[in-house]
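Asks: Below is one structure. I have some questions about it.
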Amino acid sequence: MNKTVSIIVPCFNGERFVDRCLHSIEIQNYPNIEIVVVNDGSTDQSEIKILEWKKKLENENIRLIYIKQDNRGPGGAINTGLKYISGEYLSLLDVDDEYLQGALSERVEFLE
């Protein structure tokens with residue numbers, strides 16, 4: 001369980017979902033996680049919420065990379081995020097989705 005899992009989270013106007021989404025990553029029992037959140041031209045308060053989580057997650061040893069771009073759609077946000085990942089494993093999580101506790105450990109165990 002030493003390999004890093006990179007999670008790309010495309011976000012367009014996901015202000016009301018950011019807390020639930022990032023909290024579901026925070027509670028994972030897998031030790032090596034990096035998150036790449038791509039703000040895909042949001043016009044709501046998504047950026048503020050994401051940046052509030054950045055420090056909190058980094059205190060939990062979870063790296064959060066924040067990228068802001070003009071709206072390119074989900075595919076464009078994912079393609080941007082791919083430029084920033086460094087993990088051996090990749091997972092995609094839409095901002096309005098969440099992981100169940102233990103999801104990353106189970107996925108890595110399966111892939112190993």
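Letters A, B, ... go to the chains of the structure tokens in the order shown; residues in each chain start at 1; ligands are counted from 1 in the same order.
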Region 84-101 of chain A: which residues within 8 Å, counting only C-alpha atoms, same-chain residues fewer than 2 positions away excluded, as a PyMOL selection string?
Replies: chain A and resi 3-11+14+17-18+20-22+24-25+27-29+34+36+65+80-82+103+108
Asks: To test your reading of the structure, identify every residue in chain A that backbone DSSP assigns to alpha helix (DSSP H), and report it as a ChimeraX atom specification.
Replies: /A:18-26,46-59,73-82,103-111
Asks: Output C-alpha atoms of each residue in that selection to a file, as a PDB file, in the first residue's frame.
Replies:
ATOM      1  CA  VAL A  18     -17.393  20.028  -2.554  1.00  0.00           C
ATOM      2  CA  ASP A  19     -17.577  19.362   1.191  1.00  0.00           C
ATOM      3  CA  ARG A  20     -19.156  15.922   0.806  1.00  0.00           C
ATOM      4  CA  CYS A  21     -16.823  14.916  -2.023  1.00  0.00           C
ATOM      5  CA  LEU A  22     -13.563  15.961  -0.366  1.00  0.00           C
ATOM      6  CA  HIS A  23     -14.644  14.649   3.024  1.00  0.00           C
ATOM      7  CA  SER A  24     -15.196  11.235   1.449  1.00  0.00           C
ATOM      8  CA  ILE A  25     -11.549  11.309   0.344  1.00  0.00           C
ATOM      9  CA  GLU A  26     -10.359  12.586   3.720  1.00  0.00           C
ATOM     10  CA  SER A  46     -16.459  26.408  -5.617  1.00  0.00           C
ATOM     11  CA  GLU A  47     -12.971  27.920  -5.587  1.00  0.00           C
ATOM     12  CA  ILE A  48     -13.338  29.270  -2.046  1.00  0.00           C
ATOM     13  CA  LYS A  49     -14.611  25.912  -0.743  1.00  0.00           C
ATOM     14  CA  ILE A  50     -11.845  23.935  -2.484  1.00  0.00           C
ATOM     15  CA  LEU A  51      -9.112  26.215  -1.158  1.00  0.00           C
ATOM     16  CA  GLU A  52     -10.534  25.876   2.375  1.00  0.00           C
ATOM     17  CA  TRP A  53     -10.101  22.110   2.034  1.00  0.00           C
ATOM     18  CA  LYS A  54      -6.546  22.363   0.672  1.00  0.00           C
ATOM     19  CA  LYS A  55      -4.958  23.235   4.017  1.00  0.00           C
ATOM     20  CA  LYS A  56      -7.181  20.834   5.952  1.00  0.00           C
ATOM     21  CA  LEU A  57      -6.296  17.893   3.704  1.00  0.00           C
ATOM     22  CA  GLU A  58      -2.608  18.709   3.682  1.00  0.00           C
ATOM     23  CA  ASN A  59      -2.682  18.561   7.496  1.00  0.00           C
ATOM     24  CA  GLY A  73     -16.371  20.416 -20.097  1.00  0.00           C
ATOM     25  CA  PRO A  74     -15.729  17.255 -18.059  1.00  0.00           C
ATOM     26  CA  GLY A  75     -13.387  15.711 -20.640  1.00  0.00           C
ATOM     27  CA  GLY A  76     -11.340  18.892 -20.850  1.00  0.00           C
ATOM     28  CA  ALA A  77     -11.083  19.076 -17.060  1.00  0.00           C
ATOM     29  CA  ILE A  78      -9.941  15.456 -16.851  1.00  0.00           C
ATOM     30  CA  ASN A  79      -7.374  15.986 -19.619  1.00  0.00           C
ATOM     31  CA  THR A  80      -5.993  18.979 -17.718  1.00  0.00           C
ATOM     32  CA  GLY A  81      -5.854  16.978 -14.496  1.00  0.00           C
ATOM     33  CA  LEU A  82      -3.898  14.191 -16.189  1.00  0.00           C
ATOM     34  CA  ALA A 103     -13.009   2.297  -1.264  1.00  0.00           C
ATOM     35  CA  LEU A 104      -9.448   3.202  -2.215  1.00  0.00           C
ATOM     36  CA  SER A 105      -7.861   0.438  -0.147  1.00  0.00           C
ATOM     37  CA  GLU A 106     -10.170  -2.125  -1.718  1.00  0.00           C
ATOM     38  CA  ARG A 107      -9.375  -0.879  -5.229  1.00  0.00           C
ATOM     39  CA  VAL A 108      -5.622  -0.926  -4.695  1.00  0.00           C
ATOM     40  CA  GLU A 109      -5.784  -4.358  -3.096  1.00  0.00           C
ATOM     41  CA  PHE A 110      -7.731  -5.651  -6.080  1.00  0.00           C
ATOM     42  CA  LEU A 111      -5.284  -4.137  -8.578  1.00  0.00           C
TER      43      LEU A 111
END
Asks: Using DSSP on the backbone coordinates, identify all residues within region 57-88 of chain A classified as strand (DSSP E); present the result as a PyMOL selection string.
Replies: chain A and resi 63-69
Asks: Find, counting only C-alpha atoms, the residue in A:Lys83, A:Arg16, A:Arg72, A:Arg63 that gets nearest to Asp44 (chain A).
Replies: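 Using only C-alpha atoms, the shortest distance to Asp44 (chain A) belongs to A:Arg16.
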Asks: For Glu15 (chain A), which residue among A:Gly102, A:Glu112, A:Glu60, A:Ser42 is the nearest when counting only C-alpha atoms?
Replies: A:Ser42
Asks: What's the separation between CA of Ile35 (chain A) and CA of Ile67 (chain A), in Å to one decimal place?
Replies: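 Going from CA of Ile35 (chain A) over to CA of Ile67 (chain A) covers 10.8 Å.
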Asks: What's the separation between CA of Phe12 (chain A) and CA of Asn61 (chain A), in Å to one decimal place?
Replies: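 Going from CA of Phe12 (chain A) over to CA of Asn61 (chain A) covers 25.7 Å.
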